[in-house]
file final_21.txt (compact mmCIF, C-alpha atoms)
# COMPACT_ATOMS: atom_id res chain seq x y z
CA MET A 1 103.50 95.20 78.76
CA VAL A 2 103.33 92.33 81.25
CA THR A 3 99.92 90.66 81.27
CA THR A 4 98.58 89.20 84.50
CA PRO A 5 97.34 85.59 84.01
CA ARG A 6 93.56 85.36 83.71
CA PHE A 7 93.18 82.96 86.63
CA PHE A 8 95.09 85.36 88.87
CA ILE A 9 92.80 88.24 87.88
CA ILE A 10 89.72 86.17 88.74
CA ILE A 11 91.12 85.16 92.14
CA LEU A 12 92.20 88.72 92.93
CA LEU A 13 88.90 90.31 91.95
CA SER A 14 86.92 87.61 93.75
CA PHE A 15 88.85 88.43 96.92
CA VAL A 16 88.23 92.17 96.50
CA PHE A 17 84.49 91.79 95.95
CA SER A 18 84.04 89.11 98.64
CA ARG A 19 84.69 91.77 101.28
CA HIS A 20 81.41 93.45 100.36
CA LEU A 21 79.14 90.58 99.31
CA HIS A 22 75.97 90.44 101.40
CA SER A 23 75.04 87.06 102.85
CA ASN A 24 71.31 87.82 102.57
CA ALA A 25 71.46 88.78 98.88
CA VAL A 26 69.15 86.99 96.45
CA THR A 27 70.92 84.87 93.82
CA LEU A 28 70.05 85.39 90.16
CA ALA A 29 70.67 82.09 88.39
CA ASN A 30 70.27 83.65 84.96
CA LEU A 31 69.33 86.87 83.20
CA ASP A 32 66.38 85.49 81.24
CA TYR A 33 63.53 87.97 81.11
CA SER A 34 61.20 85.14 82.19
CA ASN A 35 63.10 84.74 85.48
CA PRO A 36 60.66 85.91 88.22
CA LEU A 37 63.55 87.17 90.39
CA LEU A 38 64.85 89.27 87.52
CA LYS A 39 61.34 90.64 87.00
CA SER A 40 61.20 91.58 90.69
CA LEU A 41 64.58 93.31 90.47
CA ARG A 42 63.63 95.28 87.37
CA SER A 43 60.31 96.29 88.95
CA ASP A 44 62.09 97.61 92.08
CA VAL A 45 64.63 99.49 89.97
CA LYS A 46 61.90 101.14 87.89
CA GLU A 47 59.88 102.19 90.95
CA ASN A 48 62.90 103.42 92.90
CA LEU A 49 64.05 105.41 89.89
CA ARG A 50 60.67 107.13 89.77
CA ILE A 51 60.73 107.87 93.51
CA SER A 52 64.36 109.07 93.50
CA LYS A 53 63.38 111.75 90.97
CA SER A 54 60.13 112.64 92.72
CA LEU A 55 59.78 115.94 94.53
CA HIS A 56 57.15 114.58 96.93
CA SER A 57 58.65 114.12 100.40
CA ASP A 58 56.16 111.37 101.30
CA ASP A 59 57.37 109.09 98.49
CA LYS A 60 59.47 106.37 100.13
CA LEU A 61 62.05 104.27 98.33
CA ILE A 62 61.83 100.49 98.41
CA PRO A 63 64.70 99.76 100.87
CA LEU A 64 68.10 98.93 99.42
CA ARG A 65 68.67 95.21 98.84
CA TYR A 66 70.99 93.22 96.62
CA PHE A 67 70.83 90.48 94.03
CA GLN A 68 73.95 88.46 93.20
CA TYR A 69 74.85 87.26 89.73
CA LYS A 70 77.80 85.09 88.69
CA VAL A 71 79.26 86.32 85.40
CA LYS A 72 79.07 83.75 82.60
CA LYS A 73 81.37 83.24 79.62
CA ASP A 74 79.33 85.17 77.07
CA ASP A 75 78.29 88.01 79.38
CA THR A 76 79.36 91.58 78.77
CA PHE A 77 79.10 94.58 81.04
CA PHE A 78 76.48 96.18 78.80
CA LYS A 79 74.38 93.01 78.51
CA ILE A 80 74.20 92.70 82.30
CA MET A 81 73.43 96.39 82.62
CA ALA A 82 70.53 96.19 80.14
CA ARG A 83 69.02 92.96 81.46
CA THR A 84 68.98 94.13 85.10
CA GLY A 85 67.73 97.66 84.47
CA MET A 86 70.97 99.10 85.82
CA ASP A 87 73.10 101.91 84.47
CA LEU A 88 76.85 102.38 84.11
CA GLU A 89 77.12 104.43 87.31
CA THR A 90 75.46 101.87 89.56
CA LEU A 91 77.18 98.70 88.39
CA SER A 92 80.61 100.34 88.44
CA SER A 93 80.15 101.98 91.86
CA VAL A 94 78.62 99.03 93.71
CA ASN A 95 81.16 96.54 92.34
CA GLU A 96 84.15 98.92 92.31
CA LEU A 97 84.67 98.44 88.58
CA SER A 98 86.89 101.03 86.95
CA SER A 99 86.35 99.79 83.39
CA PRO A 100 84.05 97.43 81.43
CA HIS A 101 87.17 95.29 80.99
CA ASP A 102 87.24 94.52 84.74
CA LEU A 103 84.42 92.03 84.18
CA VAL A 104 85.67 88.42 84.10
CA GLU A 105 83.95 85.04 83.96
CA GLY A 106 83.20 83.70 87.43
CA MET A 107 83.07 87.09 89.15
CA VAL A 108 80.07 87.56 91.44
CA LEU A 109 78.41 90.91 90.87
CA GLU A 110 76.13 92.61 93.36
CA ILE A 111 73.16 94.30 91.73
CA PRO A 112 71.08 96.64 93.90
CA ASN A 113 67.37 97.27 93.46
CA MET A 114 67.93 100.96 92.73
CA ARG A 115 70.19 103.07 90.55
CA GLY A 116 72.76 105.32 92.15
CA VAL A 117 76.30 105.44 93.48
CA PHE A 118 78.11 105.05 96.76
CA HIS A 119 79.60 108.14 98.32
CA PRO A 120 83.31 107.18 97.89
CA GLU A 121 84.39 107.79 101.49
CA THR A 122 83.76 105.41 104.36
CA SER A 123 81.35 107.15 106.75
CA GLU A 124 79.40 106.54 109.94
CA ASN A 125 75.63 106.32 110.04
CA THR A 126 75.02 109.62 111.83
CA ASP A 127 72.53 112.42 111.27
CA ARG A 128 75.32 114.96 110.74
CA ILE A 129 77.07 112.95 108.05
CA LYS A 130 73.74 112.12 106.41
CA GLN A 131 72.90 115.82 106.25
CA ASN A 132 76.32 116.70 104.79
CA ILE A 133 76.05 114.06 102.06
CA ALA A 134 72.48 115.10 101.23
CA GLU A 135 73.65 118.69 100.78
CA LYS A 136 76.65 117.62 98.68
CA TYR A 137 74.47 115.69 96.22
CA ASN A 138 71.42 117.99 96.50
CA ILE A 139 69.12 115.14 97.49
CA SER A 140 66.56 114.65 100.24
CA GLU A 141 68.03 113.03 103.37
CA GLU A 142 65.12 110.56 103.43
CA LYS A 143 66.27 109.06 100.14
CA LEU A 144 69.83 108.27 101.24
CA GLN A 145 70.47 104.60 102.03
CA TYR A 146 73.15 103.37 104.44
CA ASP A 147 75.03 100.13 103.72
CA GLY A 148 76.42 98.86 107.02
CA ALA A 149 78.57 96.16 105.36
CA ARG A 150 80.45 98.73 103.31
CA GLU A 151 80.04 101.52 105.88
CA LYS A 152 79.09 103.83 103.03
CA TRP A 153 76.10 105.90 102.00
CA PHE A 154 74.24 104.98 98.80
CA VAL A 155 72.99 108.00 96.88
CA PRO A 156 70.03 107.12 94.60
CA GLY A 157 69.61 108.59 91.13
CA ILE A 158 73.12 109.99 90.68
CA VAL A 159 74.56 109.82 87.15
CA MET A 160 78.09 110.36 85.90
CA GLY A 161 79.17 113.53 84.19
CA LYS A 162 81.19 113.60 80.99
CA ILE A 163 84.56 113.45 82.78
CA GLU A 164 83.51 110.61 85.09
CA LYS A 165 82.31 108.55 82.12
CA SER A 166 85.61 109.15 80.37
CA PHE A 167 87.36 107.70 83.45
CA PHE A 168 85.28 104.55 83.19
CA TYR A 169 85.87 104.11 79.47
CA GLY A 170 89.61 104.51 80.03
CA SER A 171 90.04 107.84 78.30
CA GLY A 172 89.83 110.30 81.17
CA PHE A 173 93.49 110.83 81.98
CA PHE A 174 96.19 112.63 80.03
CA THR A 175 99.93 112.00 79.93
CA PRO A 176 101.56 113.81 82.89
CA LEU A 177 104.91 114.20 81.09
CA LYS A 178 105.73 115.46 77.62
CA GLY A 179 108.16 113.40 75.54
CA ALA A 180 108.83 110.87 78.30
CA THR A 181 109.95 107.27 77.77
CA LEU A 182 107.97 104.40 79.31
CA THR A 183 110.51 102.30 81.23
CA SER A 184 108.25 100.12 83.39
CA SER A 185 104.65 99.07 82.78
CA PHE A 186 101.74 98.22 85.06
CA GLY A 187 101.74 94.60 86.27
CA ASN A 188 104.30 91.99 87.19
CA ARG A 189 107.94 92.89 86.67
CA ILE A 190 111.44 92.11 87.92
CA ASP A 191 112.14 94.44 90.83
CA PRO A 192 115.31 96.43 90.03
CA PHE A 193 116.51 96.13 93.63
CA THR A 194 115.58 92.58 94.70
CA LYS A 195 115.63 91.01 91.19
CA LYS A 196 112.45 89.15 92.13
CA THR A 197 109.07 89.23 90.39
CA THR A 198 106.82 91.80 92.04
CA PHE A 199 103.63 93.67 91.17
CA HIS A 200 104.17 97.20 89.89
CA GLY A 201 101.04 99.26 90.58
CA GLY A 202 101.74 102.10 88.18
CA ILE A 203 103.97 103.07 85.27
CA ASP A 204 107.44 104.65 85.22
CA LEU A 205 108.17 107.47 82.80
CA ALA A 206 111.84 108.38 82.40
CA ALA A 207 112.81 112.02 81.92
CA GLU A 208 115.60 114.39 82.89
CA GLU A 209 115.62 115.67 86.44
CA GLY A 210 113.75 118.96 86.63
CA THR A 211 111.33 118.12 83.77
CA ASP A 212 107.87 119.61 84.36
CA VAL A 213 105.16 117.25 85.65
CA PHE A 214 101.53 118.10 84.82
CA ALA A 215 98.20 117.21 86.42
CA SER A 216 96.66 114.37 84.44
CA GLN A 217 93.12 115.60 85.15
CA ASP A 218 91.27 118.25 87.18
CA GLY A 219 91.27 117.65 90.92
CA ILE A 220 92.31 118.72 94.41
CA ILE A 221 95.78 118.23 95.88
CA GLU A 222 95.37 115.83 98.80
CA LEU A 223 99.04 115.27 99.59
CA ALA A 224 102.35 116.92 98.70
CA SER A 225 105.08 115.50 100.94
CA VAL A 226 107.63 112.71 101.33
CA SER A 227 106.05 109.24 101.55
CA GLY A 228 108.33 106.20 101.92
CA GLY A 229 109.58 104.65 98.71
CA TYR A 230 107.65 107.20 96.65
CA GLY A 231 110.00 109.92 97.87
CA LYS A 232 108.41 113.29 97.24
CA LEU A 233 104.83 112.44 96.32
CA ILE A 234 101.76 114.31 95.11
CA ILE A 235 98.25 112.80 95.29
CA ILE A 236 95.40 114.43 93.38
CA LYS A 237 91.81 113.52 94.23
CA HIS A 238 89.36 113.35 91.31
CA SER A 239 85.65 112.52 90.95
CA MET A 240 84.04 109.11 91.55
CA GLY A 241 86.69 107.95 94.03
CA TYR A 242 89.60 108.29 91.57
CA GLU A 243 93.04 109.62 92.45
CA THR A 244 96.36 109.96 90.66
CA ARG A 245 99.80 109.69 92.27
CA TYR A 246 103.06 111.27 91.12
CA GLY A 247 106.19 109.92 92.81
CA HIS A 248 109.99 110.47 93.00
CA LEU A 249 109.58 114.22 92.50
CA SER A 250 112.38 116.77 93.04
CA SER A 251 110.09 119.70 93.96
CA TYR A 252 106.46 120.76 94.29
CA ALA A 253 104.65 123.55 92.46
CA VAL A 254 101.37 123.14 94.39
CA LYS A 255 100.21 122.80 97.98
CA ILE A 256 97.69 120.67 99.86
CA GLY A 257 94.07 121.73 99.28
CA GLU A 258 94.81 123.55 96.03
CA ARG A 259 92.42 122.92 93.13
CA VAL A 260 94.32 122.17 89.92
CA LYS A 261 93.38 121.92 86.25
CA LYS A 262 94.34 119.28 83.73
CA GLY A 263 97.70 120.28 82.19
CA GLN A 264 98.72 122.53 85.08
CA LYS A 265 102.31 122.16 86.26
CA ILE A 266 102.35 120.50 89.70
CA ALA A 267 105.98 119.39 90.18
CA GLU A 268 109.30 118.48 88.60
CA VAL A 269 110.84 115.08 87.92
CA GLY A 270 113.39 113.89 90.48
CA MET A 271 114.90 110.73 91.93
CA THR A 272 113.78 110.89 95.56
CA GLY A 273 112.71 107.74 97.38
CA ARG A 274 113.38 104.22 96.11
CA THR A 275 114.63 104.72 92.58
CA THR A 276 117.57 103.90 90.33
CA GLY A 277 117.40 107.12 88.32
CA PRO A 278 115.31 110.20 87.52
CA HIS A 279 111.77 109.33 86.46
CA LEU A 280 108.11 109.83 87.32
CA HIS A 281 106.17 107.00 88.95
CA PHE A 282 102.50 107.52 87.98
CA GLU A 283 99.50 105.68 89.42
CA VAL A 284 95.74 105.72 88.95
CA ARG A 285 93.60 104.44 91.81
CA ARG A 286 89.88 104.12 92.40
CA ASN A 287 88.68 103.64 95.97
CA SER A 288 92.31 102.80 96.90
CA LYS A 289 92.48 100.06 94.26
CA ARG A 290 95.27 100.51 91.70
CA GLN A 291 94.21 100.59 88.05
CA ARG A 292 96.07 100.21 84.77
CA PRO A 293 96.59 103.77 83.44
CA PHE A 294 95.12 104.57 80.03
CA PHE A 295 95.79 107.95 78.44
CA GLN A 296 93.35 109.80 76.21
CA SER A 297 96.10 111.80 74.60
CA HIS A 298 99.08 113.99 75.26
CA LEU A 299 98.54 117.27 77.10
call {"tool": "encode", "arguments": {"input": "final_21.txt", "output": "structure tokens"}}
result
Amino acid sequence: MVTTPRFFIIILLSFVFSRHLHSNAVTLANLDYSNPLLKSLRSDVKENLRISKSLHSDDKLIPLRYFQYKVKKDDTFFKIMARTGMDLETLSSVNELSSPHDLVEGMVLEIPNMRGVFHPETSENTDRIKQNIAEKYNISEEKLQYDGAREKWFVPGIVMGKIEKSFFYGSGFFTPLKGATLTSSFGNRIDPFTKKTTFHGGIDLAAEEGTDVFASQDGIIELASVSGGYGKLIIIKHSMGYETRYGHLSSYAVKIGERVKKGQKIAEVGMTGRTTGPHLHFEVRRNSKRQRPFFQSHL
């Protein structure tokens, strides 16, 4: 597998997170328990956690605000989580982390003063959308927080289910092909057409044309049509902003809007689009950001 240089990862992730960093965020110089700013953060988190679980409508959350922390050499995801009073769901959602391994030295994390997750879709700050999101998550409208910089709704108190946690730990997806051969990995590679080094945002699995392709996890079919170099493409939407993509297909066995189960046949291998031979191009994305696929096991 081609490994992206560490300095490139830091630069890339810094660029991704800089789009959402808030200029009025408070800087945490360290995570020492004696740090008064850390004490203030932990106090807010504790109180907001109590209020987010309260059934009293007159309980008001301390408004959403952010603290920024620059990751140091010896930091780990779980150390930062414990010291700040956060949980897995919050740190991963706010910072668009898809795995504990996304954390690198020098990255600036945003740490909110309450636990929860962002609704994955960009939304406007309207009463109708607020009501829809409140109903979706079964939470009082008054407790939803709108982040204008991200143009997303923050939903306090939400925790991951078993499947969502497996996504984060890199074991949530299953191999979409049986007995396939890995011919191209995630990362930099020599493009077979241009012969230049390019970034490959998924993996290629070679198989005979007509081989069954299976859903890698439960989800809803968002797209099943021709899409540029992908050729015939299927996109499945999963929980927590995740999606999987299946490209170069010869035919579809599902339709848009259909709910599918892990291991269900969704298509057949082909060589449509930009390809040199029959294979499946498979991608995992979270919030439109491509991730290195990890498989729990074979279907």
call {"tool": "closest_residue", "arguments": {"input": "final_21.txt", "among": "A:Val254, A:Ile129, A:Ile266, A:Ile234", "to": "Val213 (chain A)", "atoms": "only C-alpha atoms"}}
result
A:Ile266
call {"tool": "closest_residue", "arguments": {"input": "final_21.txt", "among": "A:Lys72, A:His119, A:Arg290, A:Lys143", "to": "Gly187 (chain A)", "atoms": "only C-alpha atoms"}}
result
A:Arg290
call {"tool": "residues_around", "arguments": {"input": "final_21.txt", "residues": "Ile236 (chain A)", "least_positions_apart": "5", "cutoff": "7 Å", "atoms": "all atoms listed in the file", "output": "PyMOL selection string"}}
result
chain A and resi 219-222+243-245
call {"tool": "closest_residue", "arguments": {"input": "final_21.txt", "among": "A:Leu61, A:Ile51, A:Leu41, A:Ala224", "to": "Glu110 (chain A)", "atoms": "all atoms listed in the file"}}
result
A:Leu41
call {"tool": "closest_residue", "arguments": {"input": "final_21.txt", "among": "A:Met86, A:Asp75, A:Pro120, A:Phe193", "to": "Ser43 (chain A)", "atoms": "all atoms listed in the file"}}
result
A:Met86
call {"tool": "atom_distance", "arguments": {"input": "final_21.txt", "atom1": "CA of Met271 (chain A)", "atom2": "CA of Leu223 (chain A)"}}
result
18.2 Å
call {"tool": "atom_distance", "arguments": {"input": "final_21.txt", "atom1": "CA of Val104 (chain A)", "atom2": "CA of Phe77 (chain A)"}}
result
9.5 Å
call {"tool": "residues_near_point", "arguments": {"input": "final_21.txt", "point": "(75.7, 114.7, 106.2)", "cutoff": "12 Å", "atoms": "all atoms listed in the file", "output": "list in words"}}
result
His119, Ser123, Glu124, Asn125, Thr126, Asp127, Arg128, Ile129, Lys130, Gln131, Asn132, Ile133, Ala134, Glu135, Lys136, Tyr137, Asn138, Ile139, Ser140, Glu141, Glu142, Leu144, Tyr146, Lys152, Trp153 and Val155 of chain A
call {"tool": "atom_distance", "arguments": {"input": "final_21.txt", "atom1": "CA of Arg285 (chain A)", "atom2": "CA of Lys196 (chain A)"}}
result
24.3 Å
call {"tool": "closest_residue", "arguments": {"input": "final_21.txt", "among": "A:Val260, A:Leu280, A:Leu205, A:Met107", "to": "Gln217 (chain A)", "atoms": "all atoms listed in the file"}}
result
A:Val260
call {"tool": "closest_residue", "arguments": {"input": "final_21.txt", "among": "A:Ile190, A:Glu105, A:Phe214, A:Pro100", "to": "Asp74 (chain A)", "atoms": "only C-alpha atoms"}}
result
A:Glu105
call {"tool": "residues_around", "arguments": {"input": "final_21.txt", "residues": "Tyr33 (chain A)", "least_positions_apart": "3", "cutoff": "12 Å", "atoms": "only C-alpha atoms", "output": "ChimeraX atom specification"}}
result
/A:28-30,36-43,80,82-85
call {"tool": "residues_around", "arguments": {"input": "final_21.txt", "residues": "Asn48 (chain A)", "least_positions_apart": "4", "cutoff": "10 Å", "atoms": "all atoms listed in the file", "output": "MDAnalysis selection string"}}
result
chainID A and resid 42:44 52:54 59:64 113:115 143 156:157
